[in-house]
Amino acid sequence: MANSFVSKTFTALADLYPNMANLKIIGIVIGKTDVRGFPDRKNAGSERYTFSFTIRDSPAHFVNAASWGSEGYIRSLSDSFRIGECVIIENPLIQRKELEREEKFSPATPGSCKLLLSENHSTVKVCSSCEVDTKLLALIYLPIKESRDYYSLGDIVANGHSLDGRIINVLAAVKSVGEPKYFTTSDRRKGQRCEVKLYDETESSFTMICWDNESILVAQSWMPRETVIFASDVRINFDKFRNCMTATVISKTIITTNPDTPEANILLNFIRENKETNPLDGEIDNYLKESINLNAIVDVYTVEQLKVKALKNEGRADPFYGILYAHISTLNIDGATTTVVRHRCSGCGYIMKEAAGTCITCNRDSLEFKSVFLSFHLLIDVTDHTGTLHSCSLTGGVAEETLGCTFFLSHRARGGLRISVLSCKLADPIEASRNLTRRGNT
């Protein structure tokens, strides 16, 4: 056997060759695509469905597997396992892969074969972790590319347009994970989108976009400012709307969460050492808007209740969220212009101290200076029948669809309570009255 991780019961991926029969293969799933439907050329008006995944049984060997069939079979098979689980595949068809065509859309694999799963002959079974060699489970932490073969985020920004359309590897820390946004395409297919903010020692914020449900599921498990990822084969593009470079997860991409490599450990130490460092005010507000689903905020508070809750949470940096029915009691728009309007970098959103300045983050080691734009930065007081919250941050373009306040502790804010207004609109009088009456005796 070429693979010491695999017992004699199973065939190692390194030993595969075309047309082998009666095989039993074990491996850990390191990548997976969404189920997709295509018009069936043999049966007009009907569709065939497919999805693919990548399994690994050793540091050097991993292979792509695909299955085609009816919608019911394909969706059931896809739903039966996730990335990070070990599976046993019985009776797959071993085929020689068409290198140029297939690796354009699938992860590049070291061998010459691929697996094809048949509805009538093949089976896939998920193994419990206690049934699997720990060395096999550990493979989920090994990137499929050389650990030093990656671009830093600063390199990507510095190279700018020269990387537009390129497929590269990225090692970065997770800064925030946005809420998935769902939509329907013009041909009535459902889609989804999720933005992940990354950072490293060279760049404070960089956007990676996930379009498929599988990568979004993985991303939702990442802990901001605690997780490092190695993303193999992501596509880099220049986003004209944002005027910056972005990364996109594609069907070729394999993402390794918290990789066990020297380079990843160095980055992990960096984010742990800097975890307690408070980001700039503007960056906090942007982070909250991107990472919080405003529609999910349902708890209603009075000012007094917020202050009590803040005291109970003293010493904790995690935020809590709520709705506040109140009026703006102080709105100082007559102050100095420098306190009402801030200059921000178009690349990362950082607040800059003066209009003529340059962003030390985006423009470091780069001759291409980012443009500067103006942004409102107001401190307001909000008051209800129980008290007043001072110095609440009201910045940027505040949405008017919903009312939501996000609160979290900050030693720099008055009383240790820092408030950011994420959305503000006129309250329905009846709704406000009902909520205020219910809390009138608190």
# chains A, B, ... in the order shown; residues from 1 in each chain; ligands from 1
>>> residues_around(residues="Trp211 of chain A", least_positions_apart="2", cutoff="8 Å", atoms="only C-alpha atoms", output="ChimeraX atom specification")
/A:191-194,209,213,215-216,248-250
>>> write_last_selection(atoms="C-alpha atoms", output="mmCIF file, in the first residue's frame")
data_model
loop_
_atom_site.group_PDB
_atom_site.id
_atom_site.type_symbol
_atom_site.label_atom_id
_atom_site.label_comp_id
_atom_site.auth_asym_id
_atom_site.auth_seq_id
_atom_site.Cartn_x
_atom_site.Cartn_y
_atom_site.Cartn_z
ATOM 1 C CA GLY A 191 -28.620 32.054 -5.596
ATOM 2 C CA GLN A 192 -26.746 33.301 -2.571
ATOM 3 C CA ARG A 193 -23.842 35.576 -1.763
ATOM 4 C CA CYS A 194 -21.701 36.152 1.295
ATOM 5 C CA ILE A 209 -16.859 36.774 -1.912
ATOM 6 C CA ASN A 213 -23.795 27.469 -0.481
ATOM 7 C CA SER A 215 -18.355 27.703 0.899
ATOM 8 C CA ILE A 216 -20.872 29.909 2.711
ATOM 9 C CA THR A 248 -13.823 35.216 -5.263
ATOM 10 C CA VAL A 249 -14.293 31.587 -4.220
ATOM 11 C CA ILE A 250 -14.769 29.510 -7.393
#
>>> residues_around(residues="Asn274 of chain A", least_positions_apart="5", cutoff="12 Å", atoms="only C-alpha atoms", output="VMD selection string")
chain A and resid 173 175 199 to 201 204 225 to 226 267 to 269 279
>>> select_by_dssp(residues="segment 222-270 of chain A", states="helix (DSSP H, G or I)", output="list in words")
Pro262, Glu263, Ala264, Asn265, Ile266, Leu267, Leu268, Asn269 and Phe270 of chain A
>>> write_last_selection(atoms="N, CA, C and O atoms", output="PDB file, in the first residue's frame")
ATOM      1  N   PRO A 262       3.798  26.461   9.300  1.00  0.00           N
ATOM      2  CA  PRO A 262       4.547  27.508   9.999  1.00  0.00           C
ATOM      3  C   PRO A 262       4.051  28.910   9.672  1.00  0.00           C
ATOM      4  O   PRO A 262       3.940  29.761  10.557  1.00  0.00           O
ATOM      5  N   GLU A 263       3.743  29.146   8.400  1.00  0.00           N
ATOM      6  CA  GLU A 263       3.301  30.475   7.980  1.00  0.00           C
ATOM      7  C   GLU A 263       1.953  30.838   8.613  1.00  0.00           C
ATOM      8  O   GLU A 263       1.744  31.983   9.041  1.00  0.00           O
ATOM      9  N   ALA A 264       1.052  29.857   8.670  1.00  0.00           N
ATOM     10  CA  ALA A 264      -0.257  30.105   9.279  1.00  0.00           C
ATOM     11  C   ALA A 264      -0.130  30.337  10.780  1.00  0.00           C
ATOM     12  O   ALA A 264      -0.850  31.163  11.358  1.00  0.00           O
ATOM     13  N   ASN A 265       0.781  29.622  11.424  1.00  0.00           N
ATOM     14  CA  ASN A 265       0.975  29.796  12.868  1.00  0.00           C
ATOM     15  C   ASN A 265       1.530  31.184  13.195  1.00  0.00           C
ATOM     16  O   ASN A 265       1.165  31.779  14.211  1.00  0.00           O
ATOM     17  N   ILE A 266       2.395  31.703  12.327  1.00  0.00           N
ATOM     18  CA  ILE A 266       2.914  33.057  12.513  1.00  0.00           C
ATOM     19  C   ILE A 266       1.776  34.073  12.425  1.00  0.00           C
ATOM     20  O   ILE A 266       1.668  34.993  13.242  1.00  0.00           O
ATOM     21  N   LEU A 267       0.891  33.891  11.420  1.00  0.00           N
ATOM     22  CA  LEU A 267      -0.240  34.799  11.259  1.00  0.00           C
ATOM     23  C   LEU A 267      -1.210  34.667  12.433  1.00  0.00           C
ATOM     24  O   LEU A 267      -1.766  35.657  12.925  1.00  0.00           O
ATOM     25  N   LEU A 268      -1.421  33.441  12.906  1.00  0.00           N
ATOM     26  CA  LEU A 268      -2.314  33.218  14.038  1.00  0.00           C
ATOM     27  C   LEU A 268      -1.790  33.929  15.281  1.00  0.00           C
ATOM     28  O   LEU A 268      -2.551  34.551  16.035  1.00  0.00           O
ATOM     29  N   ASN A 269      -0.488  33.869  15.501  1.00  0.00           N
ATOM     30  CA  ASN A 269       0.107  34.586  16.637  1.00  0.00           C
ATOM     31  C   ASN A 269      -0.075  36.085  16.494  1.00  0.00           C
ATOM     32  O   ASN A 269      -0.330  36.794  17.478  1.00  0.00           O
ATOM     33  N   PHE A 270       0.028  36.566  15.249  1.00  0.00           N
ATOM     34  CA  PHE A 270      -0.158  38.001  14.987  1.00  0.00           C
ATOM     35  C   PHE A 270      -1.569  38.446  15.362  1.00  0.00           C
ATOM     36  O   PHE A 270      -1.747  39.472  16.041  1.00  0.00           O
TER      37      PHE A 270
END
>>> closest_residue(among="A:Ser221, A:Asn243, A:Thr123, A:Asn19", to="Arg96 of chain A", atoms="only C-alpha atoms")
A:Asn19
>>> residues_around(residues="Thr11 of chain A", least_positions_apart="2", cutoff="7 Å", atoms="only C-alpha atoms", output="list in words")
Leu13, Asp15, Leu23, Lys24 and Ile25 of chain A
>>> closest_atom_pairs(of="segment 159-260 of chain A", to="segment 50-73 of chain A", cutoff="12 Å", atoms="only C-alpha atoms", output="CSV")
residue,atom,partner,partner_atom,distance
A:Asp212,CA,A:Phe51,CA,11.9
A:Glu214,CA,A:Phe53,CA,10.5
A:Ser251,CA,A:Ser52,CA,9.3
A:Lys252,CA,A:Thr54,CA,10.2
A:Thr253,CA,A:Thr54,CA,10.6
A:Ile254,CA,A:Thr54,CA,8.8
A:Ile255,CA,A:Thr54,CA,11.6
A:Asp260,CA,A:Pro59,CA,12.0
>>> write_last_selection(atoms="N, CA, C and O atoms", output="CSV table (one decimal), in the first residue's frame")
chain,number,residue,atom,x,y,z
A,212,ASP,N,-21.3,30.2,-3.6
A,212,ASP,CA,-22.0,28.9,-3.5
A,212,ASP,C,-22.3,28.6,-2.0
A,212,ASP,O,-21.6,29.0,-1.1
A,214,GLU,N,-22.0,25.8,-0.3
A,214,GLU,CA,-21.0,25.0,0.4
A,214,GLU,C,-19.9,25.9,1.1
A,214,GLU,O,-19.6,25.7,2.2
A,251,SER,N,-15.2,27.3,-8.3
A,251,SER,CA,-15.3,25.8,-8.2
A,251,SER,C,-14.0,25.1,-8.0
A,251,SER,O,-13.9,24.0,-7.6
A,252,LYS,N,-12.9,25.8,-8.4
A,252,LYS,CA,-11.5,25.2,-8.2
A,252,LYS,C,-11.0,25.4,-6.8
A,252,LYS,O,-10.0,24.8,-6.4
A,253,THR,N,-11.7,26.3,-6.0
A,253,THR,CA,-11.1,26.7,-4.7
A,253,THR,C,-11.2,25.6,-3.7
A,253,THR,O,-12.3,25.0,-3.5
A,254,ILE,N,-10.1,25.4,-2.9
A,254,ILE,CA,-10.1,24.6,-1.7
A,254,ILE,C,-9.7,25.4,-0.6
A,254,ILE,O,-8.6,26.0,-0.6
A,255,ILE,N,-10.5,25.6,0.4
A,255,ILE,CA,-10.2,26.4,1.6
A,255,ILE,C,-9.8,25.5,2.8
A,255,ILE,O,-10.6,24.7,3.2
A,260,ASP,N,-2.3,23.8,9.5
A,260,ASP,CA,-1.2,23.5,10.3
A,260,ASP,C,0.1,23.7,9.6
A,260,ASP,O,0.7,22.7,9.1
